[in-house]
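So this one's start00.txt, compact mmCIF, C-alpha atoms and all ligand atoms:
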# COMPACT_ATOMS: atom_id res chain seq x y z
CA MET J 109 104.50 119.02 82.63
CA VAL J 110 102.14 117.96 85.38
CA LEU J 111 100.57 114.50 85.47
CA LYS J 112 96.97 114.96 86.48
CA LEU J 113 94.33 112.38 87.33
CA GLU J 114 90.89 113.87 87.84
CA ARG J 115 88.17 111.75 89.44
CA VAL J 116 89.34 108.62 87.64
CA THR J 117 87.24 105.49 88.00
CA LYS J 118 87.71 102.07 86.39
CA ARG J 119 85.06 99.39 86.44
CA PHE J 120 85.40 95.85 85.19
CA GLY J 121 81.75 94.83 84.83
CA GLU J 122 80.19 95.20 88.27
CA PHE J 123 83.55 95.46 90.00
CA THR J 124 85.13 98.86 90.66
CA ALA J 125 88.94 98.53 90.60
CA VAL J 126 89.71 102.26 90.92
CA SER J 127 87.26 104.72 92.38
CA ASP J 128 87.21 108.50 92.04
CA LEU J 129 90.97 108.91 92.17
CA SER J 130 92.41 112.42 91.85
CA LEU J 131 96.17 113.02 91.90
CA THR J 132 98.47 115.78 90.77
CA ILE J 133 102.08 114.79 90.26
CA PRO J 134 104.39 117.70 89.49
CA GLU J 135 107.29 117.57 87.08
CA LYS J 136 110.60 116.10 88.31
CA GLU J 137 108.88 114.47 91.24
CA MET J 138 109.33 110.94 92.57
CA PHE J 139 105.88 109.78 93.60
CA GLY J 140 105.14 106.60 95.57
CA PHE J 141 102.01 104.61 94.86
CA LEU J 142 101.13 102.12 97.57
CA GLY J 143 98.35 99.73 98.36
CA ALA J 144 97.60 96.16 99.31
CA ASN J 145 97.51 93.48 96.62
CA GLY J 146 94.59 94.20 94.33
CA ALA J 147 94.21 97.83 95.49
CA GLY J 148 94.25 99.13 91.90
CA LYS J 149 97.83 100.30 91.34
CA THR J 150 98.55 98.45 88.09
CA THR J 151 95.10 99.33 86.77
CA THR J 152 95.86 103.01 87.45
CA PHE J 153 99.23 102.74 85.70
CA ARG J 154 97.61 101.12 82.67
CA MET J 155 95.09 103.95 82.50
CA ILE J 156 97.86 106.58 82.76
CA LEU J 157 99.66 104.87 79.88
CA GLY J 158 96.51 104.69 77.78
CA LEU J 159 96.59 100.86 77.76
CA LEU J 160 93.20 100.84 79.46
CA ASP J 161 90.42 103.41 79.14
CA ALA J 162 89.06 104.92 82.34
CA SER J 163 85.33 104.34 82.87
CA SER J 164 85.13 108.01 83.88
CA GLY J 165 87.45 110.88 84.73
CA ASN J 166 90.42 112.44 82.97
CA ILE J 167 94.13 111.76 82.82
CA THR J 168 96.47 114.34 81.31
CA TRP J 169 100.18 115.01 81.06
CA ASP J 170 100.97 118.65 80.43
CA ASP J 171 97.23 119.13 79.79
CA GLN J 172 97.27 116.54 76.94
CA PRO J 173 95.91 112.99 77.01
CA LEU J 174 98.57 110.29 76.90
CA ASN J 175 98.26 107.99 73.90
CA TYR J 176 100.21 106.45 71.04
CA SER J 177 101.48 109.84 69.84
CA THR J 178 103.05 110.62 73.22
CA SER J 179 104.57 107.16 73.77
CA HIS J 180 108.12 108.47 73.17
CA LEU J 181 107.68 110.68 76.27
CA VAL J 182 106.73 107.81 78.55
CA GLY J 183 108.63 104.81 79.91
CA TYR J 184 107.01 101.82 81.62
CA LEU J 185 108.41 98.96 83.65
CA PRO J 186 105.45 96.57 83.85
CA GLU J 187 104.91 94.32 86.84
CA GLU J 188 104.84 91.23 84.67
CA ARG J 189 108.19 91.37 82.94
CA GLY J 190 107.94 90.85 79.20
CA LEU J 191 111.21 90.45 77.34
CA TYR J 192 111.69 88.08 74.42
CA PRO J 193 113.76 85.22 75.92
CA LYS J 194 115.43 84.20 72.65
CA LEU J 195 116.57 87.66 71.57
CA LYS J 196 119.95 89.07 72.49
CA VAL J 197 119.94 92.01 74.88
CA ARG J 198 121.30 94.30 72.17
CA GLU J 199 118.70 93.24 69.55
CA GLN J 200 115.90 93.60 72.01
CA ILE J 201 116.78 97.03 73.36
CA VAL J 202 117.62 98.49 69.95
CA TYR J 203 114.32 97.16 68.58
CA LEU J 204 112.32 98.75 71.42
CA ALA J 205 114.25 102.03 71.18
CA ARG J 206 113.63 102.23 67.42
CA LEU J 207 109.90 101.69 67.98
CA ARG J 208 110.04 104.88 70.02
CA GLY J 209 111.78 106.78 67.28
CA MET J 210 115.39 106.53 68.48
CA PRO J 211 118.14 106.05 65.85
CA LYS J 212 120.04 102.75 66.13
CA ASN J 213 123.45 104.28 66.91
CA GLU J 214 122.07 106.43 69.67
CA ALA J 215 120.20 103.44 71.12
CA LEU J 216 123.40 101.39 71.15
CA ARG J 217 125.37 104.16 72.79
CA GLU J 218 122.71 104.56 75.45
CA LEU J 219 122.47 100.77 76.00
CA ARG J 220 126.23 100.48 76.53
CA SER J 221 126.23 103.33 78.98
CA TRP J 222 123.44 101.66 80.99
CA LEU J 223 125.15 98.25 80.92
CA GLU J 224 128.32 99.93 82.25
CA LYS J 225 126.33 101.66 84.98
CA PHE J 226 124.83 98.31 86.01
CA LYS J 227 128.26 96.66 85.78
CA ILE J 228 127.11 94.09 83.21
CA PRO J 229 128.71 95.22 79.91
CA GLU J 230 129.33 91.57 78.94
CA TYR J 231 125.58 90.96 78.61
CA GLU J 232 125.16 92.99 75.45
CA ASN J 233 125.32 89.91 73.24
CA LYS J 234 123.71 87.38 75.58
CA ARG J 235 120.23 86.05 75.04
CA VAL J 236 117.76 87.22 77.70
CA GLU J 237 117.01 83.62 78.74
CA GLU J 238 120.67 83.20 79.70
CA LEU J 239 120.45 85.93 82.35
CA SER J 240 119.39 85.58 85.98
CA LYS J 241 116.01 86.98 86.97
CA GLY J 242 117.58 90.04 88.62
CA ASN J 243 119.69 90.81 85.57
CA GLN J 244 116.68 90.35 83.28
CA GLN J 245 114.97 92.94 85.43
CA LYS J 246 117.82 95.38 84.89
CA ILE J 247 117.52 94.84 81.13
CA GLN J 248 113.79 95.45 81.35
CA PHE J 249 114.51 98.66 83.25
CA ILE J 250 116.91 99.72 80.48
CA ALA J 251 114.13 98.98 77.96
CA ALA J 252 111.86 101.36 79.90
CA VAL J 253 114.36 104.24 79.98
CA ILE J 254 116.44 103.81 76.79
CA HIS J 255 114.52 106.55 74.94
CA LYS J 256 114.96 109.05 77.82
CA PRO J 257 111.29 109.41 78.74
CA ARG J 258 110.05 112.49 80.62
CA LEU J 259 107.55 110.40 82.58
CA LEU J 260 108.59 107.03 83.98
CA ILE J 261 106.17 104.52 85.50
CA LEU J 262 107.74 101.69 87.47
CA ASP J 263 105.52 98.88 88.74
CA GLU J 264 107.33 97.16 91.62
CA PRO J 265 110.83 97.99 90.31
CA PHE J 266 112.69 96.58 93.34
CA SER J 267 110.89 93.27 93.77
CA GLY J 268 113.08 90.22 93.31
CA LEU J 269 116.40 92.11 93.40
CA ASP J 270 119.22 91.42 95.84
CA PRO J 271 120.37 94.33 98.08
CA VAL J 272 123.29 95.28 95.81
CA ASN J 273 121.05 95.44 92.76
CA VAL J 274 118.41 97.37 94.71
CA GLU J 275 121.06 100.01 95.47
CA GLN J 276 122.18 100.14 91.83
CA LEU J 277 118.62 100.60 90.65
CA LYS J 278 117.92 103.26 93.29
CA GLU J 279 120.97 105.17 92.15
CA ALA J 280 119.81 104.91 88.55
CA VAL J 281 116.33 106.12 89.44
CA LEU J 282 117.67 109.04 91.50
CA GLY J 283 119.97 110.00 88.60
CA LEU J 284 116.99 110.11 86.25
CA LYS J 285 115.07 112.23 88.71
CA GLU J 286 117.98 114.67 88.94
CA ASN J 287 117.89 114.93 85.16
CA GLY J 288 114.27 116.04 85.34
CA THR J 289 112.31 112.81 84.82
CA THR J 290 108.99 112.52 86.63
CA ILE J 291 108.81 109.10 88.24
CA VAL J 292 105.84 107.22 89.65
CA PHE J 293 106.51 103.87 91.25
CA SER J 294 104.66 101.26 93.24
CA SER J 295 106.19 99.19 95.97
CA HIS J 296 105.16 96.93 98.81
CA GLN J 297 108.37 97.75 100.63
CA MET J 298 107.69 100.89 102.59
CA HIS J 299 111.34 101.71 103.28
CA HIS J 300 111.99 102.23 99.55
CA VAL J 301 109.16 104.74 99.40
CA GLU J 302 110.34 106.46 102.59
CA GLU J 303 113.80 106.78 101.15
CA LEU J 304 112.90 107.99 97.67
CA CYS J 305 109.58 109.84 97.63
CA GLU J 306 108.52 113.28 98.75
CA HIS J 307 104.87 112.56 97.98
CA LEU J 308 102.79 109.42 98.00
CA CYS J 309 99.34 107.96 97.84
CA ILE J 310 98.04 104.84 99.56
CA LEU J 311 95.16 103.15 97.77
CA GLN J 312 92.69 100.91 99.49
CA LYS J 313 90.23 98.97 97.35
CA GLY J 314 90.62 101.53 94.58
CA SER J 315 90.27 104.68 96.70
CA PRO J 316 93.00 106.89 98.13
CA VAL J 317 93.10 106.66 101.95
CA VAL J 318 96.31 108.64 102.44
CA HIS J 319 97.66 111.24 100.03
CA GLY J 320 100.21 114.00 100.42
CA SER J 321 103.78 114.71 101.36
CA LEU J 322 105.57 112.07 103.40
CA LYS J 323 106.48 114.61 106.09
CA GLU J 324 102.93 115.89 106.44
CA ILE J 325 101.47 112.40 106.42
CA LYS J 326 103.75 111.45 109.32
CA ARG J 327 102.99 114.63 111.22
CA ALA J 328 99.24 114.32 110.68
CA TYR J 329 99.29 110.73 111.90
CA GLY J 330 99.90 112.17 115.38
CA LYS J 331 101.18 109.04 117.04
CA LYS J 332 104.87 108.64 117.66
CA ASN J 333 107.20 105.82 118.54
CA LEU J 334 109.14 105.88 121.77
CA ILE J 335 112.14 103.64 122.22
CA ILE J 336 113.37 103.04 125.77
CA HIS J 337 116.41 101.05 126.83
CA ALA J 338 116.78 100.79 130.57
CA ASP J 339 118.47 98.67 133.24
CA PHE J 340 115.33 98.62 135.38
CA SER J 341 111.80 97.24 134.95
CA LEU J 342 109.56 99.25 132.60
CA GLU J 343 106.47 97.26 133.55
CA SER J 344 104.75 100.27 135.16
CA ILE J 345 104.64 102.37 131.98
CA LYS J 346 102.78 99.81 129.88
CA ASP J 347 99.51 101.15 131.28
CA PHE J 348 100.58 104.79 131.25
CA PRO J 349 97.80 107.04 129.83
CA GLY J 350 98.38 107.74 126.13
CA VAL J 351 100.30 104.52 125.44
CA VAL J 352 98.66 102.84 122.43
CA LYS J 353 100.87 99.79 121.95
CA THR J 354 103.91 98.25 123.62
CA LYS J 355 106.43 95.79 122.30
CA PRO J 356 109.13 94.37 124.60
CA THR J 357 112.63 94.35 123.10
CA MET J 358 115.95 92.87 124.26
CA GLU J 359 116.98 96.17 125.85
CA GLY J 360 113.64 97.57 126.98
CA LEU J 361 110.43 98.62 125.32
CA GLU J 362 109.15 100.07 122.07
CA LEU J 363 105.97 102.04 122.54
CA GLN J 364 103.48 103.71 120.28
CA ILE J 365 102.22 106.81 122.06
CA GLU J 366 99.62 109.45 121.34
CA GLY J 367 101.96 112.45 121.30
CA GLU J 368 105.03 114.18 122.69
CA GLN J 369 103.40 115.10 125.98
CA VAL J 370 102.99 111.38 126.75
CA ALA J 371 106.77 110.96 126.33
CA GLU J 372 107.36 113.80 128.78
CA GLY J 373 105.07 112.16 131.33
CA ILE J 374 106.81 108.80 130.92
CA LEU J 375 110.22 110.41 131.33
CA LYS J 376 109.13 111.99 134.63
CA GLU J 377 107.64 108.68 135.77
CA ILE J 378 110.84 106.70 135.23
CA ALA J 379 113.33 109.38 136.30
CA GLY J 380 115.51 108.22 139.18
CA LYS J 381 114.58 104.54 138.85
CA GLY J 382 117.96 103.45 137.50
CA LEU J 383 120.18 103.77 134.47
CA LEU J 384 118.28 104.98 131.40
CA ARG J 385 120.40 103.99 128.38
CA LYS J 386 118.17 105.30 125.61
CA PHE J 387 115.05 107.43 125.44
CA ALA J 388 114.26 108.29 121.83
CA LEU J 389 111.11 109.77 120.33
CA GLU J 390 110.70 108.94 116.65
CA GLU J 391 108.27 109.72 113.85
CA PRO J 392 105.99 106.80 112.96
CA SER J 393 107.27 104.67 110.08
CA LEU J 394 105.35 104.50 106.84
CA ASN J 395 104.92 100.84 107.66
CA ASP J 396 103.01 101.75 110.87
CA ILE J 397 100.79 104.11 108.90
CA PHE J 398 100.19 101.62 106.08
CA ILE J 399 99.24 98.84 108.47
CA GLU J 400 96.81 101.04 110.37
CA LYS J 401 95.17 102.53 107.27
CA VAL J 402 95.13 99.46 105.06
CA GLY J 403 95.40 96.63 107.58
CA ASN J 404 91.69 95.92 107.45
CA ALA J 405 91.97 95.31 103.68
CA TYR J 406 93.65 92.05 104.61
CA GLU J 407 90.95 90.96 107.06
N1 LIG Y 1 91.07 92.98 83.18
C1 LIG Y 1 90.51 92.83 84.37
N2 LIG Y 1 89.27 92.29 84.49
C2 LIG Y 1 88.67 92.16 85.69
N3 LIG Y 1 89.23 92.54 86.87
C3 LIG Y 1 90.45 93.07 86.82
C4 LIG Y 1 91.16 93.25 85.57
N4 LIG Y 1 92.36 93.83 85.85
C5 LIG Y 1 92.41 93.98 87.19
N5 LIG Y 1 91.27 93.53 87.76
C6 LIG Y 1 90.95 93.55 89.20
O1 LIG Y 1 91.13 94.88 89.67
C7 LIG Y 1 91.69 94.87 90.98
C8 LIG Y 1 92.92 95.74 91.00
O2 LIG Y 1 93.97 95.04 90.34
P1 LIG Y 1 95.42 95.69 90.16
O3 LIG Y 1 96.22 94.73 89.36
O4 LIG Y 1 95.28 97.08 89.66
O5 LIG Y 1 95.93 95.73 91.67
P2 LIG Y 1 97.39 96.10 92.24
O6 LIG Y 1 97.16 97.16 93.27
O7 LIG Y 1 98.31 96.41 91.14
O8 LIG Y 1 97.75 94.74 92.96
P3 LIG Y 1 99.20 94.01 93.23
O9 LIG Y 1 99.86 94.76 94.34
O10 LIG Y 1 98.79 92.64 93.64
O11 LIG Y 1 99.95 94.06 91.93
C9 LIG Y 1 91.93 93.42 91.34
O12 LIG Y 1 90.87 92.97 92.16
C10 LIG Y 1 91.94 92.71 90.01
O13 LIG Y 1 91.46 91.38 90.15
Same coordinates, now as structure tokens:
Amino acid sequence: MVLKLERVTKRFGEFTAVSDLSLTIPEKEMFGFLGANGAGKTTTFRMILGLLDASSGNITWDDQPLNYSTSHLVGYLPEERGLYPKLKVREQIVYLARLRGMPKNEALRELRSWLEKFKIPEYENKRVEELSKGNQQKIQFIAAVIHKPRLLILDEPFSGLDPVNVEQLKEAVLGLKENGTTIVFSSHQMHHVEELCEHLCILQKGSPVVHGSLKEIKRAYGKKNLIIHADFSLESIKDFPGVVKTKPTMEGLELQIEGEQVAEGILKEIAGKGLLRKFALEEPSLNDIFIEKVGNAYE
């Protein structure tokens, strides 16, 4: 049950929104899809779901194209939320579940279990328009997963949620992954992707600029972060060879350096100058990598 995109391109007239994109997403994987605004994430999702035709290339799930006949296997949380405001939560979810071939009783059972999980059982008979935006989002999430899809596409699932709701949704998503669901999600918040995904792709203007496992992406980036807290002046190491960037902090300095050997050199340089409270070498954050790879998309 592999999701495969092979050399997928989407043009809108003269404009190319997605260009020559190839991805393989294995079963039971949580895959992060990143990119600046307008990079082509939603367009890619719509092509995966068969809502848009690719201009060229192939998209398959378990070697089959995804279309109307496979819709019961797929769940989608769209970026623009689309519930019927006047309908009650129960009517809405049961209706959507039945469209995907689920019997009413089973849909109700599943809905109640999700409402319990999200600690909002009292919303079953409320109209959607009566709920806060965050709670509407939870209902929309339930609508995407009620029929127990094997492949789940989540466009910005965490946007607009408070920290407690973000945690609840993360737990829900991790539970689905443990049960064998393949999940692809987009996010502008790098820490969510760092926390949840083994593999990811960063799109820039429709083309992948970074693709692979999070660990390998960080290793391949080469640069590392060095955090120093000291009771003496660190002025002299700002110009140390191999230091790419420096940022003063309350307790000392945060540096971006070219590699571990630079940290060793710095440690020798400052040894004996006074009390060194912290000297920590860290992997680059996904945020650092995103900004370097995609930063110019904002210029
Ligand atoms: N139907 C359409 N007709 C013409 N251009 C479109 C259409 N749909 C999307 N685009 C363009 O394709 C590009 C990619 O849009 P898309 O919505 O896929 O980006 P995104 O990565 O999801 O962005 P965001 O993070 O802002 O949601 C944008 O420049 C957008 O204006």
For region 211-228 of chain J: contacts at 9 Å, all atoms listed in the file, fewer than 6 positions along chain excluded, given as a PyMOL selection string = chain J and resi 198+201-203+205+243+246-247+250-251+254-255+273+276-277+280
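Relative to CA of Met155 (chain J), CA of Arg115 (chain J) is found at 12.5 Å.
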ask   = Of the candidates J:Val352, J:Ile335, J:Ala252, J:Ile310, which shows the shortest atom-to-atom distance to Leu394 (chain J), using all atoms listed in the file?
value = J:Ile310
message = Residues within 8 Å of (91.2, 100.4, 97.5), file coordinates, counting all atoms listed in the file: what are they? Give the list as an MDAnalysis selection string.
response = chainID J and resid 125:127 143:144 146:148 311:317
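Proximity ranking of J:Gln172, J:Gln297, J:Thr124, J:Thr151 relative to ligand LIG 1 (chain Y) places J:Thr151 first, based on all atoms listed in the file.
Take CA of Ser240 (chain J) and CA of Glu187 (chain J): the distance between them is 16.9 Å.
All protein and nucleic acid residues in the vicinity of (113.9, 116.5, 80.0), that is within 8 Å when counting all atoms listed in the file, are Lys256, Pro257, Arg258, Asn287, Gly288 and Thr289 of chain J.
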Hey, could you patch up region 255-274 of chain J with N, CA and C atoms and hand it over as a compact mmCIF listing (two decimals), in the frame of the given file?
# COMPACT_ATOMS: atom_id res chain seq x y z
N HIS J 255 114.87 105.40 75.79
CA HIS J 255 114.52 106.55 74.94
C HIS J 255 114.40 107.85 75.73
N LYS J 256 114.93 107.86 76.95
CA LYS J 256 114.96 109.05 77.82
C LYS J 256 113.56 109.67 78.00
N PRO J 257 112.65 108.89 78.57
CA PRO J 257 111.29 109.41 78.74
C PRO J 257 111.24 110.54 79.76
N ARG J 258 110.23 111.40 79.64
CA ARG J 258 110.05 112.49 80.62
C ARG J 258 109.23 112.00 81.81
N LEU J 259 108.40 110.98 81.53
CA LEU J 259 107.55 110.40 82.58
C LEU J 259 107.85 108.91 82.64
N LEU J 260 108.21 108.44 83.84
CA LEU J 260 108.59 107.03 83.98
C LEU J 260 107.70 106.35 85.02
N ILE J 261 107.07 105.26 84.60
CA ILE J 261 106.17 104.52 85.50
C ILE J 261 106.82 103.17 85.80
N LEU J 262 107.05 102.92 87.08
CA LEU J 262 107.74 101.69 87.47
C LEU J 262 106.84 100.88 88.40
N ASP J 263 106.40 99.72 87.93
CA ASP J 263 105.52 98.88 88.74
C ASP J 263 106.40 97.87 89.48
N GLU J 264 106.52 98.06 90.78
CA GLU J 264 107.33 97.16 91.62
C GLU J 264 108.77 97.02 91.11
N PRO J 265 109.50 98.11 90.93
CA PRO J 265 110.83 97.99 90.31
C PRO J 265 111.85 97.22 91.16
N PHE J 266 111.65 97.18 92.48
CA PHE J 266 112.69 96.58 93.34
C PHE J 266 112.40 95.14 93.73
N SER J 267 111.23 94.62 93.31
CA SER J 267 110.89 93.27 93.77
C SER J 267 111.82 92.26 93.09
N GLY J 268 112.25 91.30 93.86
CA GLY J 268 113.08 90.22 93.31
C GLY J 268 114.55 90.57 93.12
N LEU J 269 114.98 91.76 93.57
CA LEU J 269 116.40 92.11 93.40
C LEU J 269 117.15 91.93 94.72
N ASP J 270 118.42 91.53 94.61
CA ASP J 270 119.22 91.42 95.84
C ASP J 270 119.62 92.83 96.29
N PRO J 271 120.11 92.99 97.54
CA PRO J 271 120.37 94.33 98.08
C PRO J 271 121.34 95.16 97.24
N VAL J 272 122.33 94.52 96.63
CA VAL J 272 123.29 95.28 95.81
C VAL J 272 122.58 95.83 94.57
N ASN J 273 121.78 94.99 93.94
CA ASN J 273 121.05 95.44 92.76
C ASN J 273 119.98 96.48 93.09
N VAL J 274 119.38 96.35 94.28
CA VAL J 274 118.41 97.37 94.71
C VAL J 274 119.12 98.73 94.77
